[in-house]
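The file input10.pdb comes next; it holds PDB, C-alpha atoms.
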MODEL        1
ATOM      1  CA  MET A   1      82.496 136.294 -89.273
ATOM      2  CA  PRO A   2      85.709 134.528 -90.228
ATOM      3  CA  ASP A   3      87.965 133.275 -87.439
ATOM      4  CA  GLN A   4      91.113 134.260 -89.293
ATOM      5  CA  PRO A   5      91.921 137.909 -89.928
ATOM      6  CA  ILE A   6      91.697 138.918 -93.573
ATOM      7  CA  LEU A   7      94.762 140.639 -95.011
ATOM      8  CA  ILE A   8      93.686 143.957 -96.536
ATOM      9  CA  LEU A   9      97.101 145.554 -97.211
ATOM     10  CA  ASN A  10     100.536 143.985 -97.134
ATOM     11  CA  LYS A  11     103.863 145.731 -96.556
ATOM     12  CA  GLN A  12     104.361 146.633-100.232
ATOM     13  CA  GLN A  13     100.804 147.924-100.631
ATOM     14  CA  ILE A  14     101.131 150.066 -97.498
ATOM     15  CA  GLN A  15     104.302 151.637 -98.895
ATOM     16  CA  GLN A  16     102.543 152.288-102.220
ATOM     17  CA  LYS A  17      99.724 154.057-100.336
ATOM     18  CA  ILE A  18     102.234 156.162 -98.385
ATOM     19  CA  ASP A  19     104.076 157.090-101.593
ATOM     20  CA  ARG A  20     100.817 158.103-103.310
ATOM     21  CA  ILE A  21      99.716 160.198-100.329
ATOM     22  CA  ALA A  22     103.129 161.920-100.246
ATOM     23  CA  TYR A  23     102.743 162.912-103.903
ATOM     24  CA  GLN A  24      99.243 164.234-103.185
ATOM     25  CA  ILE A  25     100.623 166.313-100.297
ATOM     26  CA  LEU A  26     103.353 167.632-102.605
ATOM     27  CA  GLU A  27     100.798 168.599-105.260
ATOM     28  CA  ASP A  28      98.658 170.396-102.669
ATOM     29  CA  ASN A  29     101.621 172.246-101.112
ATOM     30  CA  PHE A  30     104.213 172.666-103.861
ATOM     31  CA  ASP A  31     104.630 176.400-103.176
ATOM     32  CA  GLU A  32     105.241 176.044 -99.417
ATOM     33  CA  LYS A  33     108.617 176.495 -97.740
ATOM     34  CA  GLU A  34     107.813 174.193 -94.808
ATOM     35  CA  ILE A  35     105.009 171.914 -93.673
ATOM     36  CA  ILE A  36     104.294 170.321 -90.309
ATOM     37  CA  ILE A  37     103.343 166.640 -90.189
ATOM     38  CA  ALA A  38     101.596 165.895 -86.882
ATOM     39  CA  GLY A  39     101.359 162.174 -86.174
ATOM     40  CA  MET A  40      98.852 160.873 -83.653
ATOM     41  CA  LEU A  41     100.620 158.294 -81.511
ATOM     42  CA  PRO A  42     101.375 155.505 -81.818
ATOM     43  CA  ARG A  43     100.775 154.375 -85.426
ATOM     44  CA  GLY A  44      99.966 157.846 -86.774
ATOM     45  CA  GLY A  45     103.441 158.806 -85.601
ATOM     46  CA  PHE A  46     104.970 155.969 -87.616
ATOM     47  CA  LEU A  47     102.975 157.005 -90.699
ATOM     48  CA  ALA A  48     103.986 160.641 -90.238
ATOM     49  CA  THR A  49     107.670 159.683 -90.143
ATOM     50  CA  ARG A  50     107.310 157.544 -93.255
ATOM     51  CA  LEU A  51     105.505 160.353 -95.097
ATOM     52  CA  LYS A  52     108.302 162.738 -94.127
ATOM     53  CA  ASN A  53     110.920 160.295 -95.439
ATOM     54  CA  VAL A  54     109.184 160.145 -98.830
ATOM     55  CA  LEU A  55     108.592 163.907 -98.922
ATOM     56  CA  ASP A  56     112.267 164.554 -98.122
ATOM     57  CA  LYS A  57     113.136 162.738-101.368
ATOM     58  CA  ILE A  58     110.536 164.316-103.661
ATOM     59  CA  ALA A  59     109.564 167.732-102.284
ATOM     60  CA  PRO A  60     111.399 171.044-102.429
ATOM     61  CA  PHE A  61     109.962 172.119 -99.079
ATOM     62  CA  LYS A  62     111.142 171.211 -95.605
ATOM     63  CA  SER A  63     108.923 168.985 -93.475
ATOM     64  CA  MET A  64     108.952 168.507 -89.738
ATOM     65  CA  VAL A  65     107.309 165.671 -87.775
ATOM     66  CA  LEU A  66     105.590 166.413 -84.484
ATOM     67  CA  THR A  67     103.607 163.976 -82.340
ATOM     68  CA  ILE A  68     100.320 164.184 -80.513
ATOM     69  CA  ASP A  69      99.495 161.723 -77.737
ATOM     70  CA  LEU A  70      95.735 161.698 -77.144
ATOM     71  CA  ASP A  71      93.723 160.068 -74.419
ATOM     72  CA  ARG A  72      91.346 158.389 -76.883
ATOM     73  CA  PHE A  73      89.010 157.198 -74.144
ATOM     74  CA  SER A  74      88.490 160.582 -72.503
ATOM     75  CA  SER A  75      85.251 162.473 -73.025
ATOM     76  CA  SER A  76      87.241 165.710 -73.394
ATOM     77  CA  LEU A  77      90.380 166.809 -75.184
ATOM     78  CA  ASN A  78      93.381 165.543 -73.258
ATOM     79  CA  ALA A  79      96.506 165.682 -75.419
ATOM     80  CA  LYS A  80     100.240 165.755 -74.852
ATOM     81  CA  ILE A  81     102.366 167.311 -77.560
ATOM     82  CA  ASP A  82     106.128 167.183 -78.036
ATOM     83  CA  PHE A  83     106.442 170.653 -79.541
ATOM     84  CA  ASP A  84     105.726 174.327 -78.988
ATOM     85  CA  ILE A  85     102.354 174.868 -80.636
ATOM     86  CA  GLN A  86     103.522 178.290 -81.843
ATOM     87  CA  GLN A  87     105.875 176.482 -84.280
ATOM     88  CA  CYS A  88     102.748 175.867 -86.356
ATOM     89  CA  ASN A  89     101.802 179.543 -86.785
ATOM     90  CA  ASN A  90     100.910 180.330 -90.416
ATOM     91  CA  LYS A  91     102.064 176.926 -91.642
ATOM     92  CA  VAL A  92     100.408 173.975 -93.301
ATOM     93  CA  VAL A  93      99.710 171.191 -90.819
ATOM     94  CA  ILE A  94      99.057 167.621 -91.943
ATOM     95  CA  LEU A  95      97.338 165.603 -89.187
ATOM     96  CA  VAL A  96      98.106 161.874 -89.558
ATOM     97  CA  ASP A  97      96.405 158.819 -88.019
ATOM     98  CA  ASP A  98      96.200 155.153 -88.967
ATOM     99  CA  VAL A  99      92.416 154.558 -89.058
ATOM    100  CA  LEU A 100      89.465 156.921 -89.346
ATOM    101  CA  ASN A 101      86.586 155.174 -87.634
ATOM    102  CA  SER A 102      84.221 157.374 -85.631
ATOM    103  CA  GLY A 103      86.175 160.593 -86.234
ATOM    104  CA  LYS A 104      86.660 161.287 -82.521
ATOM    105  CA  SER A 105      90.457 161.021 -82.573
ATOM    106  CA  LEU A 106      90.817 163.350 -85.544
ATOM    107  CA  ALA A 107      88.326 165.785 -83.988
ATOM    108  CA  TYR A 108      90.463 165.855 -80.838
ATOM    109  CA  GLY A 109      93.545 166.225 -83.028
ATOM    110  CA  PHE A 110      91.958 169.331 -84.597
ATOM    111  CA  GLY A 111      91.388 170.666 -81.092
ATOM    112  CA  VAL A 112      95.128 170.878 -80.466
ATOM    113  CA  PHE A 113      95.377 173.514 -83.216
ATOM    114  CA  LEU A 114      92.214 175.553 -82.526
ATOM    115  CA  ASP A 115      94.026 178.535 -81.025
ATOM    116  CA  VAL A 116      96.781 178.638 -83.651
ATOM    117  CA  PRO A 117      96.504 180.638 -86.888
ATOM    118  CA  LEU A 118      97.240 177.928 -89.477
ATOM    119  CA  LYS A 119      97.627 178.397 -93.204
ATOM    120  CA  LYS A 120      95.669 175.169 -93.656
ATOM    121  CA  LEU A 121      95.004 171.894 -91.880
ATOM    122  CA  ARG A 122      94.774 168.626 -93.812
ATOM    123  CA  THR A 123      94.218 165.053 -92.665
ATOM    124  CA  VAL A 124      95.788 161.740 -93.653
ATOM    125  CA  VAL A 125      94.638 158.247 -92.699
ATOM    126  CA  LEU A 126      95.798 154.900 -93.976
ATOM    127  CA  VAL A 127      92.304 153.360 -93.641
ATOM    128  CA  ASP A 128      88.971 155.218 -93.745
ATOM    129  CA  ARG A 129      86.244 152.942 -92.356
ATOM    130  CA  ASN A 130      83.239 155.142 -93.180
ATOM    131  CA  HIS A 131      81.665 154.844 -89.683
ATOM    132  CA  LYS A 132      81.761 158.434 -88.554
ATOM    133  CA  ASN A 133      79.997 159.759 -85.468
ATOM    134  CA  PHE A 134      81.677 163.144 -85.958
ATOM    135  CA  PRO A 135      81.460 165.229 -89.157
ATOM    136  CA  ILE A 136      85.046 164.427 -90.097
ATOM    137  CA  THR A 137      86.384 163.664 -93.544
ATOM    138  CA  THR A 138      89.922 163.004 -94.589
ATOM    139  CA  ASP A 139      91.846 164.793 -97.294
ATOM    140  CA  TYR A 140      94.142 161.874 -98.122
ATOM    141  CA  SER A 141      93.484 158.205 -97.441
ATOM    142  CA  GLY A 142      95.224 155.015 -98.437
ATOM    143  CA  ILE A 143      92.062 152.933 -98.688
ATOM    144  CA  ALA A 144      88.384 153.414 -97.866
ATOM    145  CA  LEU A 145      86.545 150.360 -96.539
ATOM    146  CA  SER A 146      82.858 149.948 -95.922
ATOM    147  CA  THR A 147      82.810 147.556 -92.990
ATOM    148  CA  ILE A 148      80.167 146.541 -90.518
ATOM    149  CA  ILE A 149      80.366 147.981 -87.015
ATOM    150  CA  LYS A 150      81.322 144.634 -85.428
ATOM    151  CA  GLN A 151      84.381 144.293 -87.635
ATOM    152  CA  HIS A 152      87.724 145.656 -86.525
ATOM    153  CA  ILE A 153      90.682 146.997 -88.490
ATOM    154  CA  ASP A 154      94.133 146.107 -87.173
ATOM    155  CA  VAL A 155      96.967 148.218 -88.509
ATOM    156  CA  VAL A 156     100.304 146.647 -87.728
ATOM    157  CA  LEU A 157     103.228 148.991 -88.250
ATOM    158  CA  SER A 158     106.737 148.815 -86.952
ATOM    159  CA  GLU A 159     109.225 151.635 -87.023
ATOM    160  CA  ASN A 160     111.448 149.697 -89.389
ATOM    161  CA  GLY A 161     108.578 148.478 -91.597
ATOM    162  CA  GLU A 162     109.289 144.757 -91.270
ATOM    163  CA  GLU A 163     105.873 143.511 -90.151
ATOM    164  CA  ASP A 164     103.562 146.024 -91.805
ATOM    165  CA  ALA A 165     100.045 144.841 -92.593
ATOM    166  CA  VAL A 166      96.391 145.862 -92.336
ATOM    167  CA  TYR A 167      93.904 143.189 -91.289
ATOM    168  CA  LEU A 168      90.138 143.014 -91.083
ATOM    169  CA  ARG A 169      88.739 140.846 -88.332
TER
ENDMDL
END

Is it possible to give me this structure as structure tokens?
Amino acid sequence: MPDQPILILNKQQIQQKIDRIAYQILEDNFDEKEIIIAGMLPRGGFLATRLKNVLDKIAPFKSMVLTIDLDRFSSSLNAKIDFDIQQCNNKVVILVDDVLNSGKSLAYGFGVFLDVPLKKLRTVVLVDRNHKNFPITTDYSGIALSTIIKQHIDVVLSENGEEDAVYLR
């Protein structure tokens, strides 16, 4: 294993991935009036906001960002949300996270919406690692990496986008 982290995506490449995903979301939802973008804190929240910013420029529909704060180390669903779940009734929800590794976080993210009648639920990740313990796939991903279990993906995002990078270590 190398001592130095390996740069997988730089700031420009991350923005290109976000732009491409936004266009895919537009194509999948062009006839909607409003969509909900639910970002899983912390970095999924940053990605959700950036997706909304791109969609606001290119899409005819309104988009709203909501956040989900999960206890990722709990053995049961323990989530805090910053919205009334009923706002999602009969709407398209896009669940956003930075990395899809085991699938546990996205599975818990789905759990937040189990009792809500959604039009559809889609998932976005910046990096799909292909190491799933849960039967979770993503609808939109920036990059898919086949890594070994011992490797780690570091997604560095700032709210203003200055230090953005994805590293493999």

Could you make a table, as a Markdown table, of the residues of region 56-156 of chain A that have an atom within 12 Å of an atom of region 23-31 of chain A, each with its nearest atom pair and distance in Å to one decimal, counting only C-alpha atoms, in chain and number order?
| residue | atom | partner | partner_atom | distance |
| --- | --- | --- | --- | --- |
| A:Asp56 | CA | A:Leu26 | CA | 10.4 |
| A:Lys57 | CA | A:Tyr23 | CA | 10.7 |
| A:Ile58 | CA | A:Tyr23 | CA | 7.9 |
| A:Ala59 | CA | A:Leu26 | CA | 6.2 |
| A:Pro60 | CA | A:Phe30 | CA | 7.5 |
| A:Phe61 | CA | A:Phe30 | CA | 7.5 |
| A:Lys62 | CA | A:Phe30 | CA | 10.9 |
| A:Ser63 | CA | A:Leu26 | CA | 10.8 |
| A:Lys91 | CA | A:Asn29 | CA | 10.6 |
| A:Val92 | CA | A:Asn29 | CA | 8.1 |
| A:Val93 | CA | A:Asn29 | CA | 10.5 |
| A:Ile94 | CA | A:Ile25 | CA | 8.6 |
| A:Leu95 | CA | A:Ile25 | CA | 11.6 |
| A:Val96 | CA | A:Ile25 | CA | 11.9 |
| A:Lys119 | CA | A:Asn29 | CA | 10.8 |
| A:Lys120 | CA | A:Asn29 | CA | 10.0 |
| A:Leu121 | CA | A:Asn29 | CA | 11.4 |
| A:Arg122 | CA | A:Ile25 | CA | 9.0 |
| A:Thr123 | CA | A:Ile25 | CA | 10.0 |
| A:Val124 | CA | A:Ile25 | CA | 9.4 |
| A:Asp139 | CA | A:Ile25 | CA | 9.4 |
| A:Tyr140 | CA | A:Gln24 | CA | 7.6 |
| A:Ser141 | CA | A:Gln24 | CA | 10.1 |
| A:Gly142 | CA | A:Gln24 | CA | 11.1 |

Item to check | the PyMOL selection byres ((chain A and resi 144) around 12) applied to the shown file, residues as a list in words | outcome: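 Matching residues under the PyMOL selection byres ((chain A and resi 144) around 12) are Ile8, Leu9, Lys17, Asp98, Val99, Leu100, Asn101, Val124, Val125, Leu126, Val127, Asp128, Arg129, Asn130, His131, Thr137, Thr138, Asp139, Tyr140, Ser141, Gly142, Ile143, Leu145, Ser146, Thr147 and Ile153 of chain A.
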
Checklist entry - Any idea what the distance is between CA of Leu55 (chain A) and CA of Asp19 (chain A)? => result 8.6 Å

Checklist entry - If the PyMOL selection byres ((chain A and resi 151) around 9) is run on the structure shown, which residues does it catch, given as a list in words? => result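 Applying the expression gives Met1, Thr147, Ile148, Ile149, Lys150, His152, Ile153, Leu168 and Arg169 of chain A.
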
Checklist entry - So which one's closest to Leu66 (chain A), A:Ala165, A:Val156, A:Ile81, A:Ala38? Using only C-alpha atoms, please. => result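 Residue with the minimum atom-to-atom distance to Leu66 (chain A): A:Ala38.
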
Next on the checklist: With all atoms listed in the file as the counted atoms, please give the residues lying no more than 12 Å from Gln87 (chain A), apart from itself and same-chain residues fewer than 6 positions off, as a ChimeraX atom specification.
Outcome noted: /A:34-38,64-66,81,93,113,116-118

Restricted to C-alpha atoms, what would the selected residues look like written as a PDB file, in the frame of the given file?
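As written to disk, again33.pdb reads:
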ATOM      1  CA  GLU A  34     107.813 174.193 -94.808  1.00  0.00           C
ATOM      2  CA  ILE A  35     105.009 171.914 -93.673  1.00  0.00           C
ATOM      3  CA  ILE A  36     104.294 170.321 -90.309  1.00  0.00           C
ATOM      4  CA  ILE A  37     103.343 166.640 -90.189  1.00  0.00           C
ATOM      5  CA  ALA A  38     101.596 165.895 -86.882  1.00  0.00           C
ATOM      6  CA  MET A  64     108.952 168.507 -89.738  1.00  0.00           C
ATOM      7  CA  VAL A  65     107.309 165.671 -87.775  1.00  0.00           C
ATOM      8  CA  LEU A  66     105.590 166.413 -84.484  1.00  0.00           C
ATOM      9  CA  ILE A  81     102.366 167.311 -77.560  1.00  0.00           C
ATOM     10  CA  VAL A  93      99.710 171.191 -90.819  1.00  0.00           C
ATOM     11  CA  PHE A 113      95.377 173.514 -83.216  1.00  0.00           C
ATOM     12  CA  VAL A 116      96.781 178.638 -83.651  1.00  0.00           C
ATOM     13  CA  PRO A 117      96.504 180.638 -86.888  1.00  0.00           C
ATOM     14  CA  LEU A 118      97.240 177.928 -89.477  1.00  0.00           C
TER      15      LEU A 118
END

Checklist entry - If you measure from CA of Ile18 (chain A) to CA of Arg50 (chain A), what distance in Å do you get, rounded to one decimal? => result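 Atom-to-atom, CA of Ile18 (chain A) and CA of Arg50 (chain A) are spaced 7.3 Å apart.
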
Can you report as AutoDock Vina command-line options the centre and edge lengths in Å, to one decimal, of an axis-aligned box around the listed atoms of region 14-29 of chain A padded with 4 Å on each side?
--center_x 101.5 --center_y 161.2 --center_z -101.4 --size_x 13.6 --size_y 30.2 --size_z 15.8

Next on the checklist: Could you check the closest approach to Ala107 (chain A) for each of A:Cys88, A:Val54, A:Ala79, A:Ile21 and tell me which residue wins, using all atoms listed in the file?
Outcome noted: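 Closest to Ala107 (chain A) of all the choices is A:Ala79.
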
Checklist entry - Which polymer residues have any atom within 10 Å of an atom of Glu159 (chain A), counting all atoms listed in the file, with same-chain residues fewer than 2 positions away left out, as a PyMOL selection string? => result chain A and resi 43+45-47+49-50+157+161-164

Could you save those same residues with C-alpha atoms as a tab-separated table (two decimals), in the frame of the given file?
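Output below, filename again_34.tsv:
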chain	number	residue	atom	x	y	z
A	43	ARG	CA	100.78	154.38	-85.43
A	45	GLY	CA	103.44	158.81	-85.60
A	46	PHE	CA	104.97	155.97	-87.62
A	47	LEU	CA	102.98	157.00	-90.70
A	49	THR	CA	107.67	159.68	-90.14
A	50	ARG	CA	107.31	157.54	-93.26
A	157	LEU	CA	103.23	148.99	-88.25
A	161	GLY	CA	108.58	148.48	-91.60
A	162	GLU	CA	109.29	144.76	-91.27
A	163	GLU	CA	105.87	143.51	-90.15
A	164	ASP	CA	103.56	146.02	-91.80
